[in-house]
Every structure is written in structure tokens, then in C-alpha cells.
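Data file: target24.txt. Format and content: compact mmCIF, C-alpha atoms and all ligand atoms.
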# COMPACT_ATOMS: atom_id res chain seq x y z
CA MET A 1 0.00 0.00 0.00
CA LEU A 2 1.27 3.48 -0.94
CA ARG A 3 1.93 5.75 2.07
CA VAL A 4 1.49 9.48 1.48
CA ALA A 5 2.03 12.47 3.83
CA VAL A 6 -0.35 15.46 3.70
CA PRO A 7 -0.15 18.74 5.72
CA ASN A 8 -2.52 18.38 8.69
CA LYS A 9 -2.97 22.16 9.17
CA GLY A 10 -1.60 25.55 8.18
CA ALA A 11 -1.33 27.41 4.90
CA LEU A 12 -1.01 24.31 2.69
CA SER A 13 -3.49 21.95 4.30
CA GLU A 14 -6.81 22.92 2.73
CA SER A 15 -5.64 23.18 -0.90
CA ALA A 16 -3.61 19.96 -0.63
CA SER A 17 -6.66 18.04 0.61
CA ALA A 18 -8.89 19.62 -2.05
CA ILE A 19 -6.54 18.51 -4.86
CA LEU A 20 -6.35 14.96 -3.50
CA ALA A 21 -10.15 14.78 -3.29
CA GLU A 22 -10.43 16.04 -6.88
CA ALA A 23 -7.90 13.36 -7.89
CA GLY A 24 -10.33 10.77 -6.56
CA TYR A 25 -8.79 9.98 -3.17
CA ARG A 26 -10.69 9.57 0.06
CA LYS A 27 -11.08 12.67 2.27
CA ARG A 28 -10.62 12.70 6.01
CA SER A 29 -13.94 13.00 7.78
CA ASP A 30 -12.55 14.87 10.80
CA SER A 31 -9.79 17.53 10.74
CA LYS A 32 -8.24 15.85 13.81
CA ASP A 33 -7.75 12.49 12.07
CA LEU A 34 -4.06 11.65 11.62
CA THR A 35 -4.55 8.83 9.12
CA VAL A 36 -7.03 7.90 6.40
CA LEU A 37 -7.09 4.48 4.81
CA ASP A 38 -8.22 4.61 1.17
CA ASN A 39 -8.63 0.91 0.39
CA GLY A 40 -10.23 1.59 -2.99
CA ASN A 41 -7.02 3.23 -4.23
CA ASP A 42 -4.62 1.22 -2.06
CA VAL A 43 -3.26 4.38 -0.39
CA GLU A 44 -2.85 5.31 3.27
CA PHE A 45 -2.67 9.05 3.99
CA PHE A 46 -0.79 10.43 7.02
CA PHE A 47 -1.74 13.94 8.15
CA LEU A 48 1.45 15.47 9.55
CA ARG A 49 2.94 18.86 10.35
CA PRO A 50 4.18 20.32 7.07
CA LYS A 51 7.59 20.91 8.63
CA ASP A 52 8.01 17.19 9.42
CA ILE A 53 6.88 15.76 6.09
CA ALA A 54 10.22 15.89 4.24
CA ILE A 55 11.87 14.04 7.14
CA TYR A 56 9.41 11.12 6.86
CA VAL A 57 9.72 10.96 3.06
CA GLY A 58 13.50 11.45 3.02
CA SER A 59 13.98 8.59 5.49
CA GLY A 60 11.85 6.30 3.32
CA ARG A 61 9.21 5.76 6.05
CA LEU A 62 6.62 7.32 3.75
CA ASP A 63 6.67 7.09 -0.04
CA LEU A 64 5.43 10.55 -1.11
CA GLY A 65 4.47 13.80 0.61
CA ILE A 66 3.10 17.28 0.05
CA THR A 67 4.97 20.12 1.74
CA GLY A 68 6.45 23.56 1.03
CA ARG A 69 9.67 23.80 -1.02
CA ASP A 70 11.12 26.08 1.68
CA LEU A 71 10.30 23.58 4.44
CA ALA A 72 11.77 20.68 2.44
CA ARG A 73 14.96 22.63 1.81
CA ASP A 74 15.32 23.69 5.43
CA SER A 75 14.84 20.11 6.64
CA GLY A 76 17.94 18.99 4.75
CA ALA A 77 16.10 15.71 4.03
CA GLN A 78 17.08 13.65 0.98
CA VAL A 79 14.00 14.37 -1.10
CA HIS A 80 13.27 15.05 -4.75
CA GLU A 81 10.58 17.41 -6.05
CA GLN A 82 8.28 15.46 -8.38
CA LEU A 83 5.70 18.16 -8.98
CA ALA A 84 5.18 21.86 -8.22
CA MET A 85 1.55 22.07 -7.19
CA GLY A 86 0.70 25.68 -8.01
CA PHE A 87 -0.52 26.88 -4.59
CA GLY A 88 1.02 28.13 -1.33
CA SER A 89 3.47 30.39 -3.09
CA SER A 90 5.68 32.59 -0.97
CA THR A 91 9.16 34.04 -0.89
CA PHE A 92 11.63 33.74 1.95
CA ARG A 93 13.22 37.09 2.78
CA TYR A 94 15.44 38.90 5.22
CA ALA A 95 13.65 41.83 6.88
CA ALA A 96 14.45 44.54 9.41
CA PRO A 97 12.92 47.80 10.72
CA ALA A 98 11.82 49.87 7.73
CA ASP A 99 13.22 53.15 9.11
CA GLN A 100 16.75 52.05 8.19
CA GLU A 101 18.33 50.87 4.91
CA TRP A 102 19.70 47.33 5.21
CA THR A 103 21.80 45.15 2.94
CA VAL A 104 22.57 41.48 3.53
CA ALA A 105 26.19 42.40 4.41
CA ASP A 106 24.84 44.41 7.37
CA LEU A 107 23.73 41.13 8.99
CA ALA A 108 27.35 40.35 9.99
CA GLY A 109 27.57 40.09 13.76
CA LYS A 110 23.81 40.68 14.18
CA ARG A 111 21.06 38.49 15.67
CA VAL A 112 18.78 37.03 12.98
CA ALA A 113 15.54 35.35 14.17
CA THR A 114 13.99 32.63 12.01
CA SER A 115 12.01 29.37 12.02
CA TYR A 116 14.14 28.15 9.08
CA PRO A 117 17.63 28.07 10.64
CA ASN A 118 19.27 25.79 8.07
CA LEU A 119 18.07 27.82 5.09
CA VAL A 120 19.46 30.97 6.72
CA ARG A 121 22.69 29.36 7.91
CA ASP A 122 23.42 28.03 4.40
CA ASP A 123 22.65 31.37 2.78
CA LEU A 124 24.85 33.34 5.17
CA ALA A 125 27.66 30.78 4.96
CA GLY A 126 27.53 31.02 1.16
CA ARG A 127 28.11 34.76 1.48
CA GLY A 128 30.84 34.39 4.11
CA ILE A 129 28.73 36.23 6.71
CA THR A 130 28.75 35.21 10.37
CA ALA A 131 25.62 36.09 12.34
CA ASP A 132 23.87 34.79 15.45
CA ILE A 133 20.83 32.75 14.36
CA ILE A 134 17.97 32.85 16.86
CA ARG A 135 15.64 29.90 16.25
CA LEU A 136 11.96 30.65 16.90
CA ASP A 137 8.90 28.52 16.15
CA GLY A 138 6.68 31.22 14.65
CA ALA A 139 5.44 34.82 14.88
CA VAL A 140 9.01 35.78 14.03
CA GLU A 141 8.03 39.33 12.95
CA ILE A 142 7.48 40.30 16.58
CA SER A 143 10.95 39.22 17.75
CA ILE A 144 12.70 42.50 16.93
CA GLN A 145 10.31 44.67 18.92
CA LEU A 146 10.59 42.20 21.80
CA GLY A 147 14.34 42.65 21.73
CA VAL A 148 15.64 39.16 20.91
CA ALA A 149 16.76 39.94 17.34
CA ASP A 150 18.05 42.75 15.09
CA ALA A 151 16.67 41.29 11.86
CA ILE A 152 14.57 38.33 10.77
CA ALA A 153 14.36 35.85 7.91
CA ASP A 154 10.82 34.63 7.25
CA VAL A 155 8.13 33.59 4.83
CA VAL A 156 6.49 36.49 3.00
CA GLY A 157 3.10 35.92 1.39
CA SER A 158 1.15 39.14 0.90
CA GLY A 159 3.72 41.14 2.91
CA ARG A 160 0.98 42.24 5.32
CA THR A 161 2.65 40.84 8.46
CA LEU A 162 5.93 42.66 7.70
CA ARG A 163 4.13 45.98 7.15
CA GLN A 164 2.06 45.55 10.31
CA HIS A 165 5.27 45.35 12.33
CA GLY A 166 7.10 48.21 10.62
CA LEU A 167 9.51 45.88 8.82
CA ALA A 168 10.82 45.93 5.24
CA ALA A 169 12.31 43.04 3.28
CA PHE A 170 15.82 43.40 1.86
CA GLY A 171 18.17 41.32 -0.26
CA GLU A 172 17.09 38.69 -2.75
CA SER A 173 14.64 35.91 -1.92
CA LEU A 174 16.43 32.96 -0.28
CA CYS A 175 13.76 30.61 -1.63
CA ASP A 176 10.81 31.03 -4.01
CA SER A 177 8.45 28.48 -2.57
CA GLU A 178 5.17 26.74 -3.34
CA ALA A 179 3.60 23.44 -2.37
CA VAL A 180 5.49 20.49 -3.85
CA LEU A 181 4.96 16.75 -4.12
CA ILE A 182 8.14 15.03 -2.97
CA SER A 183 9.63 11.54 -3.09
CA ARG A 184 12.83 10.13 -1.61
CA ARG A 185 15.89 11.27 -3.53
CA ASP A 186 17.63 8.63 -5.67
CA ALA A 187 14.81 6.10 -5.21
CA GLU A 188 13.30 4.74 -8.41
CA LEU A 189 9.56 5.40 -8.53
CA THR A 190 7.27 2.38 -8.26
CA LYS A 191 4.29 1.91 -10.57
CA ALA A 192 1.93 2.94 -7.75
CA GLU A 193 3.95 6.09 -7.05
CA LYS A 194 3.99 7.04 -10.73
CA GLN A 195 0.23 6.58 -10.95
CA PHE A 196 -0.35 8.72 -7.84
CA ILE A 197 1.87 11.50 -9.22
CA ALA A 198 0.08 11.37 -12.62
CA ARG A 199 -3.32 11.70 -10.96
CA VAL A 200 -2.28 14.66 -8.85
CA GLN A 201 -0.53 16.24 -11.82
CA GLY A 202 -3.72 15.79 -13.85
CA VAL A 203 -5.64 17.91 -11.37
CA VAL A 204 -2.88 20.51 -10.93
CA PHE A 205 -2.49 20.98 -14.71
CA GLY A 206 -6.26 20.96 -15.15
CA GLN A 207 -6.50 23.90 -12.73
CA GLN A 208 -3.94 25.86 -14.76
CA TYR A 209 -5.93 25.60 -18.03
CA VAL A 210 -9.50 26.11 -19.25
CA MET A 211 -11.19 24.61 -22.31
CA ILE A 212 -12.36 27.20 -24.86
CA ASP A 213 -15.09 26.33 -27.39
CA TYR A 214 -16.28 28.71 -30.10
CA ASP A 215 -17.92 28.95 -33.50
CA CYS A 216 -15.65 30.41 -36.14
CA PRO A 217 -16.21 31.57 -39.74
CA LYS A 218 -14.18 29.17 -41.89
CA ASN A 219 -12.24 32.00 -43.54
CA LEU A 220 -10.97 33.17 -40.11
CA LEU A 221 -9.84 29.75 -38.89
CA ASP A 222 -6.11 30.36 -39.36
CA GLN A 223 -6.23 33.61 -37.39
CA ALA A 224 -8.39 32.02 -34.68
CA SER A 225 -6.03 29.03 -34.43
CA ALA A 226 -3.14 31.42 -33.87
CA ILE A 227 -5.02 32.85 -30.85
CA THR A 228 -5.88 29.39 -29.46
CA PRO A 229 -3.15 27.02 -30.71
CA GLY A 230 -4.03 24.40 -28.05
CA LEU A 231 -1.42 21.93 -26.85
CA GLU A 232 -0.92 20.06 -30.14
CA SER A 233 -3.37 21.97 -32.34
CA PRO A 234 -7.04 22.95 -31.89
CA THR A 235 -9.83 20.44 -32.57
CA VAL A 236 -11.89 21.66 -35.55
CA ALA A 237 -15.32 20.11 -36.24
CA PRO A 238 -17.76 20.82 -39.07
CA MET A 239 -21.03 22.66 -38.39
CA ALA A 240 -24.37 22.38 -40.23
CA ASP A 241 -23.60 25.73 -41.88
CA PRO A 242 -20.69 24.94 -44.28
CA ASP A 243 -19.21 28.45 -43.82
CA TRP A 244 -18.60 27.87 -40.08
CA VAL A 245 -16.55 25.44 -37.94
CA ALA A 246 -16.62 24.59 -34.23
CA VAL A 247 -13.22 24.99 -32.54
CA ARG A 248 -12.02 23.60 -29.21
CA ALA A 249 -8.65 24.22 -27.53
CA MET A 250 -7.06 24.31 -24.06
CA VAL A 251 -5.66 27.71 -23.05
CA PRO A 252 -3.80 28.87 -19.91
CA ARG A 253 -6.37 29.95 -17.32
CA LYS A 254 -4.56 33.21 -16.58
CA ASP A 255 -4.86 34.33 -20.23
CA HIS A 256 -8.33 33.08 -21.03
CA GLN A 257 -10.33 36.30 -20.65
CA ASN A 258 -7.93 38.18 -22.94
CA LEU A 259 -8.05 35.39 -25.51
CA MET A 260 -11.86 35.38 -25.42
CA ASP A 261 -11.83 39.14 -26.10
CA GLU A 262 -9.49 38.61 -29.06
CA LEU A 263 -11.66 35.84 -30.50
CA SER A 264 -14.74 37.99 -30.14
CA GLU A 265 -13.06 40.92 -31.91
CA LEU A 266 -11.99 38.58 -34.70
CA GLY A 267 -15.58 37.49 -35.31
CA ALA A 268 -15.94 34.22 -33.39
CA LYS A 269 -19.35 33.55 -31.78
CA ALA A 270 -20.68 31.51 -28.85
CA ILE A 271 -17.32 31.57 -27.06
CA LEU A 272 -17.43 29.34 -23.97
CA ALA A 273 -14.81 28.66 -21.27
CA THR A 274 -15.15 25.56 -19.10
CA ASP A 275 -13.08 24.21 -16.20
CA ILE A 276 -10.93 21.15 -16.69
CA ARG A 277 -11.22 18.95 -13.63
CA SER A 278 -8.49 16.52 -14.55
CA CYS A 279 -6.33 15.56 -17.52
CA ARG A 280 -3.47 13.36 -18.73
CA PHE A 281 -1.07 14.69 -21.32
N1 LIG B 1 0.98 33.62 3.28
C1 LIG B 1 1.62 32.57 3.80
N2 LIG B 1 1.91 32.50 5.07
C2 LIG B 1 2.55 31.47 5.58
N3 LIG B 1 3.01 30.42 4.92
C3 LIG B 1 2.75 30.43 3.65
C4 LIG B 1 2.05 31.47 3.03
N4 LIG B 1 1.92 31.17 1.76
C5 LIG B 1 2.52 30.00 1.63
N5 LIG B 1 3.04 29.54 2.75
C6 LIG B 1 3.80 28.30 2.90
O1 LIG B 1 3.22 27.41 3.84
C7 LIG B 1 4.24 26.64 4.47
C8 LIG B 1 4.20 26.85 5.96
O2 LIG B 1 3.08 26.23 6.40
P1 LIG B 1 2.56 26.43 7.87
O3 LIG B 1 2.38 27.86 8.17
O4 LIG B 1 1.41 25.55 7.96
O5 LIG B 1 3.79 25.83 8.65
P2 LIG B 1 4.39 26.27 10.01
O6 LIG B 1 4.45 27.75 10.05
O7 LIG B 1 5.65 25.51 10.15
O8 LIG B 1 3.37 25.68 11.00
P3 LIG B 1 2.62 26.44 12.15
O9 LIG B 1 2.21 27.79 11.57
O10 LIG B 1 1.44 25.54 12.40
O11 LIG B 1 3.59 26.52 13.25
C9 LIG B 1 5.55 27.11 3.89
O12 LIG B 1 5.89 26.30 2.81
C10 LIG B 1 5.20 28.50 3.40
O13 LIG B 1 6.04 28.93 2.35
O1 LIG B 2 3.08 38.00 4.13
P1 LIG B 2 1.86 37.51 4.84
O2 LIG B 2 0.73 37.22 3.90
O3 LIG B 2 1.46 38.39 5.95
O4 LIG B 2 2.19 36.05 5.44
C1 LIG B 2 3.40 35.76 6.07
C2 LIG B 2 3.20 35.30 7.47
O5 LIG B 2 2.44 34.10 7.48
C3 LIG B 2 3.19 33.07 8.13
O6 LIG B 2 2.86 32.98 9.44
P2 LIG B 2 1.83 31.88 10.01
O7 LIG B 2 0.44 32.35 9.87
O8 LIG B 2 2.14 30.54 9.43
O9 LIG B 2 2.21 31.92 11.53
P3 LIG B 2 3.62 31.54 12.17
O10 LIG B 2 4.50 32.75 12.00
O11 LIG B 2 3.30 31.26 13.57
O12 LIG B 2 4.15 30.35 11.41
C4 LIG B 2 4.63 33.50 7.97
O13 LIG B 2 5.46 32.92 8.93
C5 LIG B 2 4.53 34.99 8.11
O14 LIG B 2 4.51 35.35 9.45
MG MG B 3 3.27 29.14 9.89
As C-alpha cells, how would this structure be written, given the file I've shared?
Ligand SMILES: Nc1ncnc2c1ncn2[C@@H]1O[C@H](COP(=O)(O)OP(=O)(O)OP(=O)(O)O)[C@@H](O)[C@H]1O
Ligand SMILES: O=P(O)(O)OC[C@H]1O[C@H](OP(=O)(O)OP(=O)(O)O)[C@H](O)[C@@H]1O
Ligand SMILES: [Mg+2]
Amino acid sequence: MLRVAVPNKGALSESASAILAEAGYRKRSDSKDLTVLDNGNDVEFFFLRPKDIAIYVGSGRLDLGITGRDLARDSGAQVHEQLAMGFGSSTFRYAAPADQEWTVADLAGKRVATSYPNLVRDDLAGRGITADIIRLDGAVEISIQLGVADAIADVVGSGRTLRQHGLAAFGESLCDSEAVLISRRDAELTKAEKQFIARVQGVVFGQQYVMIDYDCPKNLLDQASAITPGLESPTVAPMADPDWVAVRAMVPRKDHQNLMDELSELGAKAILATDIRSCRF
């Protein structure tokens, strides 16, 4: 039976569970459950702290897991990223009080609070900077005003938490993160693991595209196909009126409203966009 780790709470938990449900796997009935046995798919899910997931997968105790790229990197576990899942994106930044200009070099000899000590240690070591790393479990943005640190290194989503505490990010991102599906590094994937990854990938890719259908005057088909080239090429079907064709193509979700405007301006009619729930390429 395949053993898969899923975040039990926090920023990644809800979307991870929603994707697995869409991929046809059994949901947990209670948010306190730590395991779910999905006999129909021969998978057991383990609901764990996102920070711990790479450790379980890297040690080979669990086969696959969903966690944040930043958490996986900080853990130092021997894991390989099989799939970027398109949610939970964040950057990992140094920050300090906004009333002063900081550069990364200014961190030398300072106290830097973080919940990701290995990520920070590696980054500073790579720059030849020695600083005192203060390891905290969370709410790191408050540590400067409480006097335990001079600067911080933390996850930035919207940037709201930094602003609320009068902090400004500086230096480049140490890690551009999102939720990732991981396996053990250097382990060859089993058939069951490959199938699980393909199913999850089918949902993730499906969410990144929409299907566009429209009616197109035959003489405009080349121009319309250039707007919606599809993955291979658009599907073109005859219509009862010999001067028109029905066209169908997948387009990136983020572009689809613009593309619909372009098709409309060109002269296409009955332009429809529909969600893709799952796919295999
Ligand atoms: N806006 C955000 N705020 C916090 N984490 C985010 C955000 N967006 C994405 N993430 C990602 O979520 C993951 C952190 O998850 P979570 O906050 O659940 O863990 P944690 O902070 O270790 O746990 P806890 O908050 O329960 O102590 C990281 O990969 C982080 O990059
Ligand atoms: O840029 P923002 O959108 O404001 O989000 C970033 C904040 O969210 C996370 O905290 P979380 O809620 O996980 O609490 P924690 O600090 O206790 O981990 C992260 O550690 C930052 O504090
Ligand atoms: Mg957190």
C-alpha cells in the first residue's frame, strides 16, 4: 500500500486536501484524524505537520508527501521534487525595521531570528557572513520589537505581516516556494507512485488551463487558431452551416479572458470557457 504524507494544518493543508479529493482519493472526515485508509485506491494518507513531512519521506518511512519547497529545503532531508503544485506560493526574505536601509552584508555580527535556521545558515555561509541565528517557532516578525533579534528571515506571502510590524524586506529571496509533491531522492519510482503523481498532476495541470469552445467563420480559422493554438493543435469540427466550424482548444487559465476578447473581436461567436477537472497529457 502506498503511504502518502499530507499537511494536517496551516497554509497548505486545505488546498492539498482539495486537490487529493479532486484526484479521486478519500477525504478525512474529521480535521483531527491523523490517518485515512483509502482501500479503494490502495493508499494510506498520514496527516502530519508540514515541517516534518520531508523528514518522513527522506527517510523512506513514507513514499510521497506534500509540503512547502522552503520547508523541504530547510529540513535537509534527501527528497526530490516530483511536482510543483501551483498553490502556497511565498518568498523567503530577510527583513528589518523599515526606518533604516539594510543590505545582507549588514547582517554580519547581528542576531537574525527565524524558524528556518538551516536555510538561513546556508545562505549566510555562502556569502561568508557570520551572524547569530535565533531559532523561533513562529510569529518571528514580533521578535525584533521584543528585543531578541536585530533582523529576521521569514516567509512572505502578501507582505501584510511585515508591514504591520514596521519591517521591510531586503536582499534577494532565499527561496521562491510553493507546495510540492516530494519523493525520496535517488529512489526509483514504483508503478503505484507514478500513478499517484500522474493523478495529482492531472488535477494541478487541469486547474492551470481552461477549455475554450467557439464557433468560427471558416475563412478566419487560421487567425483564430493562432489565438488558441491548443497543446498540439485545436480540434476543428464541421457545423451544419458549411461556412462555419466549431473549434475547441485548451488555453492557460490566466490568459483566457484576454483570448476570449481577441476571439470575439476577430468574429468568433458563442465563445465558452469551461473548467478542466483533470487531464493526462
Ligand atoms: N501567506 C503565507 N503565510 C505562511 N506560509 C505560507 C504562506 N503562503 C505560503 N506559505 C507556505 O506554507 C508553508 C508553511 O506552512 P505552515 O504555516 O502551515 O507551517 P508552520 O508555520 O511551520 O506551522 P505552524 O504555523 O502551524 O507553526 C511554507 O511552505 C510557506 O512557504
Ligand atoms: O506576508 P503575509 O501574507 O502576511 O504572510 C506571512 C506570514 O504568514 C506566516 O505565518 P503563520 O500564519 O504561518 O504563523 P507563524 O508565523 O506562527 O508560522 C509567515 O510565517 C509569516 O509570518
Ligand atoms: Mg506558519
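Counting all atoms listed in the file, the residue from A:Asp70, A:Asp186, A:Glu101, A:Asp255 that sits nearest to ligand LIG 2 (chain B) is A:Asp70.
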6 Å per side around ligand LIG 1 (chain B): axis-aligned box centre and edge lengths, as lines of an AutoDock Vina configuration file:
center_x = 3.5
center_y = 29.6
center_z = 7.4
size_x = 17.1
size_y = 20.1
size_z = 23.6
Practice prompt. Go through the chains and note each residue within 10 Å of ligand LIG 1 (chain B), using only C-alpha atoms and all ligand atoms, then give the set as a PyMOL selection string.
Written response: chain A and resi 7-13+49-52+66-73+87-92+115-116+137-139+154-161+175-180
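The two atoms in question, atom C3 of ligand LIG 2 (chain B) and CA of Ala77 (chain A), are spaced 22.0 Å apart.
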Practice prompt. Find the residue from A:Val57, A:Leu136, A:Met1, A:Gly109 that sits nearest to ligand MG 3 (chain B); use all atoms listed in the file when measuring.
Written response: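 Of the candidates, the smallest distance to ligand MG 3 (chain B) is held by A:Leu136.
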Worksheet entry | Gap from CA of Val210 (chain A) to CA of His256 (chain A) - Å, one decimal | 7.3 Å
Worksheet entry | Nearest candidate to Leu20 (chain A) (options A:Leu83, A:Cys216, A:Ala187, A:Ile197; using only C-alpha atoms) |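 Comparing A:Leu83, A:Cys216, A:Ala187, A:Ile197 against Leu20 (chain A), the winner is A:Ile197.
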Worksheet item: Pick the closest to Arg61 (chain A) from A:Ile134, A:Val245, A:Val4, A:Leu221: which is it, counting all atoms listed in the file?
Response: A:Val4
Item to complete: Would you list the contacts of Glu44 (chain A) as a PyMOL selection string, taking every protein, DNA or RNA residue within 8 Å and counting all atoms listed in the file, but skipping same-chain residues closer than 3 positions in sequence?
Response: chain A and resi 1-4+35-39
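Here CA of Thr228 (chain A) is placed at a distance of 16.6 Å from CA of Gly206 (chain A).
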Item to complete: Between A:Ala151, A:Val112, A:Leu146, A:Met85, single out the one closest to Ala98 (chain A), counting all atoms listed in the file.
Response: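 The answer is A:Ala151, which sits nearest to Ala98 (chain A).
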Item to complete: Just the residues within 9 Å of Leu34 (chain A), please, counting only C-alpha atoms, with nothing from its chain fewer than 4 positions along; format it as a PyMOL selection string.
Response: chain A and resi 8+28+45-48
Worksheet entry | Nearest-residue call for ligand LIG 2 (chain B), choices A:Ile271, A:Ala95, A:Met250, A:Val148, using all atoms listed in the file |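 With all atoms listed in the file as the atom set, the closest residue is A:Ala95.
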Mind completing region 169-193 of chain A with N, CA and C atoms? Output as a PDB file, in the frame of the given file, please?
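Result file follows (part_19.pdb):
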ATOM      1  N   ALA A 169      11.434  44.106   3.775  1.00  0.00           N
ATOM      2  CA  ALA A 169      12.310  43.040   3.280  1.00  0.00           C
ATOM      3  C   ALA A 169      13.504  43.658   2.586  1.00  0.00           C
ATOM      4  N   PHE A 170      14.640  42.950   2.622  1.00  0.00           N
ATOM      5  CA  PHE A 170      15.820  43.400   1.860  1.00  0.00           C
ATOM      6  C   PHE A 170      16.581  42.185   1.352  1.00  0.00           C
ATOM      7  N   GLY A 171      17.432  42.425   0.352  1.00  0.00           N
ATOM      8  CA  GLY A 171      18.170  41.320  -0.260  1.00  0.00           C
ATOM      9  C   GLY A 171      17.253  40.488  -1.147  1.00  0.00           C
ATOM     10  N   GLU A 172      17.885  39.551  -1.861  1.00  0.00           N
ATOM     11  CA  GLU A 172      17.090  38.690  -2.750  1.00  0.00           C
ATOM     12  C   GLU A 172      16.363  37.617  -1.940  1.00  0.00           C
ATOM     13  N   SER A 173      15.352  37.019  -2.566  1.00  0.00           N
ATOM     14  CA  SER A 173      14.640  35.910  -1.920  1.00  0.00           C
ATOM     15  C   SER A 173      15.608  34.736  -1.728  1.00  0.00           C
ATOM     16  N   LEU A 174      15.584  34.139  -0.534  1.00  0.00           N
ATOM     17  CA  LEU A 174      16.430  32.960  -0.280  1.00  0.00           C
ATOM     18  C   LEU A 174      15.796  31.720  -0.878  1.00  0.00           C
ATOM     19  N   CYS A 175      14.461  31.766  -1.062  1.00  0.00           N
ATOM     20  CA  CYS A 175      13.760  30.610  -1.630  1.00  0.00           C
ATOM     21  C   CYS A 175      12.407  31.063  -2.162  1.00  0.00           C
ATOM     22  N   ASP A 176      12.147  30.788  -3.440  1.00  0.00           N
ATOM     23  CA  ASP A 176      10.810  31.030  -4.010  1.00  0.00           C
ATOM     24  C   ASP A 176      10.069  29.715  -3.848  1.00  0.00           C
ATOM     25  N   SER A 177       9.059  29.745  -2.980  1.00  0.00           N
ATOM     26  CA  SER A 177       8.450  28.480  -2.570  1.00  0.00           C
ATOM     27  C   SER A 177       7.027  28.324  -3.074  1.00  0.00           C
ATOM     28  N   GLU A 178       6.583  27.089  -3.142  1.00  0.00           N
ATOM     29  CA  GLU A 178       5.170  26.740  -3.340  1.00  0.00           C
ATOM     30  C   GLU A 178       5.026  25.313  -2.815  1.00  0.00           C
ATOM     31  N   ALA A 179       3.803  24.826  -2.798  1.00  0.00           N
ATOM     32  CA  ALA A 179       3.600  23.440  -2.370  1.00  0.00           C
ATOM     33  C   ALA A 179       4.198  22.506  -3.411  1.00  0.00           C
ATOM     34  N   VAL A 180       4.856  21.460  -2.937  1.00  0.00           N
ATOM     35  CA  VAL A 180       5.490  20.490  -3.850  1.00  0.00           C
ATOM     36  C   VAL A 180       5.168  19.068  -3.407  1.00  0.00           C
ATOM     37  N   LEU A 181       5.125  18.180  -4.391  1.00  0.00           N
ATOM     38  CA  LEU A 181       4.960  16.750  -4.120  1.00  0.00           C
ATOM     39  C   LEU A 181       6.351  16.137  -4.162  1.00  0.00           C
ATOM     40  N   ILE A 182       6.761  15.528  -3.063  1.00  0.00           N
ATOM     41  CA  ILE A 182       8.140  15.030  -2.970  1.00  0.00           C
ATOM     42  C   ILE A 182       8.196  13.511  -2.843  1.00  0.00           C
ATOM     43  N   SER A 183       9.333  12.962  -3.302  1.00  0.00           N
ATOM     44  CA  SER A 183       9.630  11.540  -3.090  1.00  0.00           C
ATOM     45  C   SER A 183      11.035  11.482  -2.495  1.00  0.00           C
ATOM     46  N   ARG A 184      11.467  10.277  -2.141  1.00  0.00           N
ATOM     47  CA  ARG A 184      12.830  10.130  -1.610  1.00  0.00           C
ATOM     48  C   ARG A 184      13.825  10.289  -2.760  1.00  0.00           C
ATOM     49  N   ARG A 185      14.880  11.038  -2.498  1.00  0.00           N
ATOM     50  CA  ARG A 185      15.890  11.270  -3.530  1.00  0.00           C
ATOM     51  C   ARG A 185      16.577   9.957  -3.914  1.00  0.00           C
ATOM     52  N   ASP A 186      16.886   9.795  -5.173  1.00  0.00           N
ATOM     53  CA  ASP A 186      17.630   8.630  -5.670  1.00  0.00           C
ATOM     54  C   ASP A 186      16.860   7.313  -5.595  1.00  0.00           C
ATOM     55  N   ALA A 187      15.572   7.353  -5.232  1.00  0.00           N
ATOM     56  CA  ALA A 187      14.810   6.100  -5.210  1.00  0.00           C
ATOM     57  C   ALA A 187      14.028   6.021  -6.515  1.00  0.00           C
ATOM     58  N   GLU A 188      14.067   4.873  -7.170  1.00  0.00           N
ATOM     59  CA  GLU A 188      13.300   4.740  -8.410  1.00  0.00           C
ATOM     60  C   GLU A 188      11.813   4.653  -8.078  1.00  0.00           C
ATOM     61  N   LEU A 189      10.992   5.372  -8.824  1.00  0.00           N
ATOM     62  CA  LEU A 189       9.560   5.400  -8.530  1.00  0.00           C
ATOM     63  C   LEU A 189       8.916   4.055  -8.865  1.00  0.00           C
ATOM     64  N   THR A 190       8.035   3.597  -7.978  1.00  0.00           N
ATOM     65  CA  THR A 190       7.270   2.380  -8.260  1.00  0.00           C
ATOM     66  C   THR A 190       6.101   2.732  -9.174  1.00  0.00           C
ATOM     67  N   LYS A 191       5.440   1.689  -9.696  1.00  0.00           N
ATOM     68  CA  LYS A 191       4.290   1.910 -10.570  1.00  0.00           C
ATOM     69  C   LYS A 191       3.189   2.667  -9.810  1.00  0.00           C
ATOM     70  N   ALA A 192       2.984   2.280  -8.550  1.00  0.00           N
ATOM     71  CA  ALA A 192       1.930   2.940  -7.750  1.00  0.00           C
ATOM     72  C   ALA A 192       2.266   4.411  -7.511  1.00  0.00           C
ATOM     73  N   GLU A 193       3.541   4.699  -7.264  1.00  0.00           N
ATOM     74  CA  GLU A 193       3.950   6.090  -7.050  1.00  0.00           C
ATOM     75  C   GLU A 193       3.760   6.913  -8.322  1.00  0.00           C
TER      76      GLU A 193
END
